[in-house]
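As provided, upload.cif (mmCIF, C-alpha atoms) reads as follows.
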```cif
data_data
#
loop_
_atom_site.label_atom_id
_atom_site.label_comp_id
_atom_site.auth_asym_id
_atom_site.auth_seq_id
_atom_site.Cartn_x
_atom_site.Cartn_y
_atom_site.Cartn_z
CA MET A 168 81.45 -47.66 27.24
CA ASN A 169 80.91 -50.38 24.65
CA THR A 170 77.32 -51.58 24.92
CA GLU A 171 77.58 -54.20 22.19
CA LEU A 172 77.13 -57.71 23.48
CA PRO A 173 78.93 -60.55 21.74
CA ILE A 174 76.74 -63.17 20.12
CA GLY A 175 77.44 -66.79 20.83
CA VAL A 176 75.69 -70.14 20.78
CA CYS A 177 74.80 -72.94 23.15
CA SER A 178 76.71 -75.81 21.57
CA TRP A 179 73.94 -78.29 22.36
CA CYS A 180 71.66 -76.44 19.96
CA ILE A 181 74.03 -77.66 17.26
CA ASP A 182 74.87 -81.09 18.69
CA ARG A 183 73.53 -82.12 22.09
CA HIS A 184 76.01 -84.98 22.46
CA ASP A 185 79.22 -83.54 21.00
CA ALA A 186 80.42 -80.25 22.47
CA CYS A 187 83.41 -80.14 20.13
CA ARG A 188 81.21 -80.38 17.05
CA GLY A 189 79.09 -77.54 18.42
CA ILE A 190 82.22 -75.45 18.95
CA GLU A 191 83.52 -76.21 15.46
CA VAL A 192 80.23 -75.33 13.77
CA ALA A 193 79.95 -72.15 15.83
CA GLY A 194 83.38 -70.95 14.77
CA HIS A 195 83.87 -72.32 11.27
CA GLU A 196 80.35 -72.30 9.83
CA LEU A 197 78.53 -69.61 11.81
CA GLY A 198 81.47 -67.27 12.37
CA LEU A 199 80.67 -66.91 16.06
CA ARG A 200 83.40 -66.32 18.62
CA PHE A 201 81.63 -67.40 21.81
CA ALA A 202 79.96 -70.61 22.94
CA GLN A 203 78.56 -72.29 26.00
CA ILE A 204 78.89 -76.07 26.18
CA GLY A 205 76.54 -78.42 27.97
CA PHE A 206 76.61 -81.82 29.58
CA PHE A 207 73.38 -83.81 29.75
CA THR A 208 74.50 -87.25 30.88
CA GLU A 209 76.89 -88.60 33.46
CA GLN A 210 78.65 -90.49 30.66
CA ALA A 211 79.28 -87.23 28.80
CA VAL A 212 80.86 -85.76 31.92
CA ARG A 213 83.05 -88.82 32.52
CA SER A 214 84.24 -88.96 28.91
CA ALA A 215 84.93 -85.23 28.48
CA ASP A 216 88.54 -84.58 27.58
CA PRO A 217 89.53 -81.00 28.39
CA ALA A 218 92.53 -81.11 26.03
CA VAL A 219 90.29 -82.06 23.11
CA ILE A 220 87.76 -79.36 23.99
CA LEU A 221 90.49 -76.73 24.31
CA GLU A 222 91.92 -77.75 20.94
CA ALA A 223 88.46 -77.40 19.37
CA THR A 224 88.14 -73.89 20.80
CA ARG A 225 91.61 -72.98 19.55
CA THR A 226 91.10 -74.23 15.99
CA ALA A 227 87.61 -72.70 15.75
CA ASP A 228 88.72 -69.45 17.42
CA VAL A 229 85.85 -69.74 19.90
CA THR A 230 85.94 -68.63 23.54
CA LEU A 231 83.98 -70.75 26.00
CA VAL A 232 81.92 -68.46 28.19
CA GLY A 233 80.27 -71.13 30.26
CA VAL A 234 79.40 -74.71 30.94
CA PHE A 235 75.84 -75.93 31.48
CA ILE A 236 74.86 -79.07 33.32
CA ALA A 237 71.55 -80.89 33.26
CA PHE A 238 70.69 -84.03 35.16
CA GLU A 239 69.38 -87.36 34.02
CA GLY A 240 65.92 -87.96 35.44
CA GLU A 241 64.75 -84.36 35.15
CA ASP A 242 61.23 -84.47 33.72
CA TYR A 243 60.02 -81.36 31.90
CA ALA A 244 56.64 -82.88 30.96
CA SER A 245 54.85 -80.45 33.26
CA ILE A 246 55.58 -77.74 35.80
CA ALA A 247 54.70 -80.16 38.61
CA ARG A 248 57.04 -82.86 37.24
CA ILE A 249 60.04 -80.55 36.89
CA ALA A 250 59.38 -79.09 40.33
CA ALA A 251 59.56 -82.63 41.72
CA THR A 252 62.50 -83.90 39.63
CA GLY A 253 64.57 -80.84 38.77
CA GLY A 254 67.96 -79.79 39.94
CA PHE A 255 69.05 -80.35 43.51
CA ILE A 256 65.54 -80.94 44.91
CA PRO A 257 65.24 -84.77 44.89
CA ASP A 258 66.88 -86.29 47.95
CA ASN A 259 67.42 -89.68 46.27
CA SER A 260 69.64 -88.17 43.55
CA TYR A 261 71.24 -85.24 45.34
CA ALA A 262 74.54 -86.97 46.19
CA SER A 263 75.10 -88.14 42.62
CA ARG A 264 74.01 -84.79 41.17
CA LEU A 265 76.38 -82.97 43.51
CA ALA A 266 79.25 -85.26 42.45
CA ILE A 267 78.46 -84.65 38.77
CA THR A 268 78.23 -80.91 39.40
CA ARG A 269 81.62 -80.91 41.09
CA ALA A 270 83.13 -82.86 38.18
CA VAL A 271 81.70 -80.39 35.66
CA THR A 272 82.87 -77.47 37.79
CA ASP A 273 86.38 -78.91 37.84
CA LEU A 274 86.24 -79.36 34.07
CA ALA A 275 85.00 -75.80 33.58
CA ALA A 276 87.89 -74.50 35.66
CA VAL A 277 90.40 -76.37 33.49
CA LEU A 278 88.66 -74.94 30.41
CA ARG A 279 88.94 -71.46 31.98
CA CYS A 280 85.19 -70.87 31.73
CA PRO A 281 83.93 -68.13 34.00
CA PHE A 282 80.42 -69.52 34.52
CA LEU A 283 78.68 -72.73 35.53
CA SER A 284 74.97 -72.85 34.67
CA VAL A 285 72.44 -75.25 36.17
CA HIS A 286 68.73 -75.60 36.80
CA ALA A 287 69.04 -75.86 40.57
CA GLY A 288 65.37 -76.64 41.10
CA THR A 289 62.16 -74.70 41.45
CA VAL A 290 62.49 -72.18 44.27
CA PRO A 291 59.54 -72.43 46.67
CA SER A 292 57.81 -69.11 47.31
CA ASP A 293 57.37 -69.92 51.02
CA VAL A 294 60.64 -69.08 52.77
CA THR A 295 59.50 -71.00 55.87
CA SER A 296 59.21 -74.22 53.88
CA PRO A 297 61.80 -76.89 54.72
CA LEU A 298 62.17 -77.39 50.97
CA TYR A 299 63.22 -73.74 50.60
CA THR A 300 65.92 -74.10 53.24
CA LYS A 301 67.12 -77.40 51.77
CA LEU A 302 67.42 -75.93 48.28
CA LEU A 303 69.10 -72.79 49.59
CA ASP A 304 71.70 -74.86 51.46
CA ARG A 305 72.34 -77.07 48.43
CA VAL A 306 72.70 -74.16 46.02
CA ARG A 307 75.00 -72.40 48.47
CA GLU A 308 77.17 -75.54 48.63
CA VAL A 309 77.42 -75.64 44.82
CA ALA A 310 78.06 -71.89 44.57
CA ASP A 311 80.81 -72.11 47.17
CA TYR A 312 82.43 -75.03 45.34
CA ALA A 313 82.28 -73.14 42.04
CA ALA A 314 83.67 -69.98 43.62
CA GLY A 315 86.55 -71.99 45.05
CA ARG A 316 87.49 -72.90 41.49
CA GLY A 317 87.10 -69.37 40.15
CA LEU A 318 83.62 -69.76 38.64
CA ARG A 319 80.36 -67.98 39.22
CA LEU A 320 77.13 -69.95 39.40
CA LEU A 321 74.27 -69.06 37.05
CA LEU A 322 70.79 -70.41 37.75
CA GLU A 323 68.32 -71.41 35.07
CA THR A 324 64.98 -70.03 36.18
CA GLY A 325 61.54 -69.32 34.88
CA ARG A 326 58.97 -70.73 37.24
CA GLU A 327 59.66 -68.38 40.14
CA SER A 328 58.36 -64.87 40.54
CA ALA A 329 60.98 -62.14 40.35
CA VAL A 330 60.38 -61.36 44.03
CA ALA A 331 60.90 -64.99 45.09
CA LEU A 332 64.00 -65.35 42.95
CA LEU A 333 65.59 -62.13 44.24
CA ARG A 334 64.89 -63.16 47.82
CA PHE A 335 66.50 -66.55 47.17
CA ILE A 336 69.58 -64.99 45.56
CA ASP A 337 69.95 -62.50 48.41
#
```
Go ahead and render the structure in this file as structure tokens.
Amino acid sequence: MNTELPIGVCSWCIDRHDACRGIEVAGHELGLRFAQIGFFTEQAVRSADPAVILEATRTADVTLVGVFIAFEGEDYASIARIAATGGFIPDNSYASRLAITRAVTDLAAVLRCPFLSVHAGTVPSDVTSPLYTKLLDRVREVADYAAGRGLRLLLETGRESAVALLRFID
């Protein structure tokens, strides 16, 4: 069994606003063969051209392993702020965030990426909390949509305990 893991790059570490530039630098300048691309604004999602992205991967000899989505209005200034504004938690932005997520999922499927990554929101530790149930239902909806397009959903985490996160995933 080969235990070597391929090294890649998150394209937004190279250029947050231009996935193709990140792909090109990864392949041509860094000699990497794998990349994850990210979308951080609704405008970036709307203007993404899958043919252009696929051509960048072809010419740079880079395989896209995933697509990451972040949402406008997420505030990482503090743990309390991101818990209130992150992912699929806020009711006032859920519909638009779901629409953006579906658009990115559709794009990822065209790009033949196996994974969609997102910060879904801070998972409450109290399973009896209505917020827990709401987040669980919303993440399930996104995961089902991704699965229907051949993708697996990856969750950005870090604020939850391992026990709380495992319970949520189960």
Residues of stretch 248-314 of chain A that approach stretch 320-332 of chain A to 10 Å or less, counting only C-alpha atoms: could you list each one with the shortest pair of atoms and its distance in Å to one decimal, rows by chain and increasing residue number, as CSV?
```
residue,atom,partner,partner_atom,distance
A:Ile249,CA,A:Arg326,CA,9.9
A:Ala250,CA,A:Arg326,CA,8.9
A:Gly254,CA,A:Glu323,CA,9.7
A:Thr272,CA,A:Leu320,CA,9.6
A:Pro281,CA,A:Leu320,CA,8.9
A:Phe282,CA,A:Leu320,CA,5.9
A:Leu283,CA,A:Leu320,CA,5.0
A:Ser284,CA,A:Leu321,CA,4.5
A:Val285,CA,A:Leu322,CA,5.4
A:His286,CA,A:Glu323,CA,4.6
A:Ala287,CA,A:Leu322,CA,6.4
A:Gly288,CA,A:Thr324,CA,8.2
A:Thr289,CA,A:Arg326,CA,6.6
A:Val290,CA,A:Glu327,CA,6.3
A:Pro291,CA,A:Glu327,CA,7.7
A:Ser292,CA,A:Ala331,CA,5.6
A:Asp293,CA,A:Ala331,CA,8.5
A:Val294,CA,A:Ala331,CA,8.7
A:Val306,CA,A:Leu320,CA,9.0
A:Arg307,CA,A:Leu320,CA,9.6
A:Val309,CA,A:Leu320,CA,7.9
A:Ala310,CA,A:Leu320,CA,5.6
A:Asp311,CA,A:Leu320,CA,8.9
A:Tyr312,CA,A:Leu320,CA,9.4
A:Ala313,CA,A:Leu320,CA,6.6
A:Ala314,CA,A:Leu320,CA,7.8
```
| said: Report, in Å to a single decimal, how far apart atom CA of A:Asp182 and atom CA of A:Leu274 are. | reply: 19.2 Å
| request: Go through A:Asp216, A:Glu222, A:Asp228, A:Glu209 and flag the residue nearest A:Ala266, using all atoms listed in the file for the distances. | output: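 Between A:Asp216, A:Glu222, A:Asp228, A:Glu209, the residue approaching A:Ala266 most closely is A:Glu209.
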Sorted by chain and rising residue number, list the residues of stretch 233-305 of chain A at most 12 Å from stretch 190-201 of chain A (counting all atoms listed in the file), each with its closest atom pair and distance in Å to one decimal, as a Markdown table.
```
| residue | atom | partner | partner_atom | distance |
| --- | --- | --- | --- | --- |
| A:Gly233 | CA | A:Phe201 | CA | 9.3 |
| A:Val234 | CA | A:Phe201 | CA | 11.9 |
| A:Cys280 | CA | A:Phe201 | CA | 11.1 |
```
Expected file: the selected residues, C-alpha atoms, as a JSON list (two decimals), in the coordinates of the input:
```json
[["chain", "number", "residue", "atom", "x", "y", "z"],
["A", 233, "GLY", "CA", 80.27, -71.13, 30.26],
["A", 234, "VAL", "CA", 79.40, -74.71, 30.94],
["A", 280, "CYS", "CA", 85.19, -70.87, 31.73]]
```
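Between A:Val212 and the residues A:Leu298, A:Ala237, A:Ala227, A:Ile336, the shortest atom-to-atom distance, using only C-alpha atoms, involves A:Ala237.
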Explicit residue set for the PyMOL selection byres ((chain A and resi 241) around 12), as an mmCIF file with C-alpha atoms, keeping the file's coordinate frame:
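Heads up, here's the output in result.cif:
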```cif
data_model
loop_
_atom_site.group_PDB
_atom_site.id
_atom_site.type_symbol
_atom_site.label_atom_id
_atom_site.label_comp_id
_atom_site.auth_asym_id
_atom_site.auth_seq_id
_atom_site.Cartn_x
_atom_site.Cartn_y
_atom_site.Cartn_z
ATOM 1 C CA PHE A 207 73.380 -83.810 29.750
ATOM 2 C CA THR A 208 74.500 -87.250 30.880
ATOM 3 C CA ILE A 236 74.860 -79.070 33.320
ATOM 4 C CA ALA A 237 71.550 -80.890 33.260
ATOM 5 C CA PHE A 238 70.690 -84.030 35.160
ATOM 6 C CA GLU A 239 69.380 -87.360 34.020
ATOM 7 C CA GLY A 240 65.920 -87.960 35.440
ATOM 8 C CA ASP A 242 61.230 -84.470 33.720
ATOM 9 C CA TYR A 243 60.020 -81.360 31.900
ATOM 10 C CA ALA A 244 56.640 -82.880 30.960
ATOM 11 C CA SER A 245 54.850 -80.450 33.260
ATOM 12 C CA ILE A 246 55.580 -77.740 35.800
ATOM 13 C CA ALA A 247 54.700 -80.160 38.610
ATOM 14 C CA ARG A 248 57.040 -82.860 37.240
ATOM 15 C CA ILE A 249 60.040 -80.550 36.890
ATOM 16 C CA ALA A 250 59.380 -79.090 40.330
ATOM 17 C CA ALA A 251 59.560 -82.630 41.720
ATOM 18 C CA THR A 252 62.500 -83.900 39.630
ATOM 19 C CA GLY A 253 64.570 -80.840 38.770
ATOM 20 C CA GLY A 254 67.960 -79.790 39.940
ATOM 21 C CA PHE A 255 69.050 -80.350 43.510
ATOM 22 C CA ILE A 256 65.540 -80.940 44.910
ATOM 23 C CA PRO A 257 65.240 -84.770 44.890
ATOM 24 C CA SER A 260 69.640 -88.170 43.550
ATOM 25 C CA ARG A 264 74.010 -84.790 41.170
ATOM 26 C CA VAL A 285 72.440 -75.250 36.170
ATOM 27 C CA HIS A 286 68.730 -75.600 36.800
ATOM 28 C CA ALA A 287 69.040 -75.860 40.570
ATOM 29 C CA GLY A 288 65.370 -76.640 41.100
ATOM 30 C CA THR A 289 62.160 -74.700 41.450
#
```
Quick one: everything within 10 Å of A:Trp179, counting all atoms listed in the file, minus sequence neighbours fewer than 2 positions away in the same chain. Send it as a PDB file with C-alpha atoms, in the frame of the given file.
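Contents of out-v4.pdb, freshly written:
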```pdb
ATOM      1  CA  VAL A 176      75.690 -70.140  20.780  1.00  0.00           C
ATOM      2  CA  CYS A 177      74.800 -72.940  23.150  1.00  0.00           C
ATOM      3  CA  ILE A 181      74.030 -77.660  17.260  1.00  0.00           C
ATOM      4  CA  ASP A 182      74.870 -81.090  18.690  1.00  0.00           C
ATOM      5  CA  ARG A 183      73.530 -82.120  22.090  1.00  0.00           C
ATOM      6  CA  HIS A 184      76.010 -84.980  22.460  1.00  0.00           C
ATOM      7  CA  ASP A 185      79.220 -83.540  21.000  1.00  0.00           C
ATOM      8  CA  ALA A 186      80.420 -80.250  22.470  1.00  0.00           C
ATOM      9  CA  CYS A 187      83.410 -80.140  20.130  1.00  0.00           C
ATOM     10  CA  ARG A 188      81.210 -80.380  17.050  1.00  0.00           C
ATOM     11  CA  GLY A 189      79.090 -77.540  18.420  1.00  0.00           C
ATOM     12  CA  ILE A 190      82.220 -75.450  18.950  1.00  0.00           C
ATOM     13  CA  ALA A 202      79.960 -70.610  22.940  1.00  0.00           C
ATOM     14  CA  GLN A 203      78.560 -72.290  26.000  1.00  0.00           C
ATOM     15  CA  ILE A 204      78.890 -76.070  26.180  1.00  0.00           C
ATOM     16  CA  GLY A 205      76.540 -78.420  27.970  1.00  0.00           C
ATOM     17  CA  PHE A 206      76.610 -81.820  29.580  1.00  0.00           C
ATOM     18  CA  PHE A 207      73.380 -83.810  29.750  1.00  0.00           C
ATOM     19  CA  PHE A 235      75.840 -75.930  31.480  1.00  0.00           C
TER      20      PHE A 235
END
```
Once the PyMOL selection byres ((chain A and resi 221) around 10) has been evaluated on this model, what residues remain selected, and can you format them as a PDB file with C-alpha atoms, in the frame of the given file?
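Output contents, as saved in out-v2.pdb:
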```
ATOM      1  CA  CYS A 187      83.410 -80.140  20.130  1.00  0.00           C
ATOM      2  CA  ILE A 190      82.220 -75.450  18.950  1.00  0.00           C
ATOM      3  CA  ASP A 216      88.540 -84.580  27.580  1.00  0.00           C
ATOM      4  CA  PRO A 217      89.530 -81.000  28.390  1.00  0.00           C
ATOM      5  CA  ALA A 218      92.530 -81.110  26.030  1.00  0.00           C
ATOM      6  CA  VAL A 219      90.290 -82.060  23.110  1.00  0.00           C
ATOM      7  CA  ILE A 220      87.760 -79.360  23.990  1.00  0.00           C
ATOM      8  CA  GLU A 222      91.920 -77.750  20.940  1.00  0.00           C
ATOM      9  CA  ALA A 223      88.460 -77.400  19.370  1.00  0.00           C
ATOM     10  CA  THR A 224      88.140 -73.890  20.800  1.00  0.00           C
ATOM     11  CA  ARG A 225      91.610 -72.980  19.550  1.00  0.00           C
ATOM     12  CA  THR A 226      91.100 -74.230  15.990  1.00  0.00           C
ATOM     13  CA  ALA A 227      87.610 -72.700  15.750  1.00  0.00           C
ATOM     14  CA  VAL A 229      85.850 -69.740  19.900  1.00  0.00           C
ATOM     15  CA  THR A 230      85.940 -68.630  23.540  1.00  0.00           C
ATOM     16  CA  LEU A 231      83.980 -70.750  26.000  1.00  0.00           C
ATOM     17  CA  VAL A 277      90.400 -76.370  33.490  1.00  0.00           C
ATOM     18  CA  LEU A 278      88.660 -74.940  30.410  1.00  0.00           C
ATOM     19  CA  ARG A 279      88.940 -71.460  31.980  1.00  0.00           C
TER      20      ARG A 279
END
```
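The gap separating atom CA of A:Val271 from atom CA of A:Pro173 is 24.4 Å, in Å to one decimal.
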| Between atom CA of A:Asn259 and atom CA of A:Gly317, what is the spacing in Å? | 28.9 Å
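Each of A:Ala275, A:Cys180, A:Phe335, A:Ser214 was checked against A:Thr300 using only C-alpha atoms; the smallest atom-to-atom distance is that of A:Phe335.
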Stretch 223-241 of chain A: axis-aligned bounding box, 4 Å on each side, centre and edge lengths in Å, one decimal, as lines of an AutoDock Vina configuration file:
```
center_x = 78.2
center_y = -78.2
center_z = 25.6
size_x = 34.9
size_y = 27.5
size_z = 27.7
```
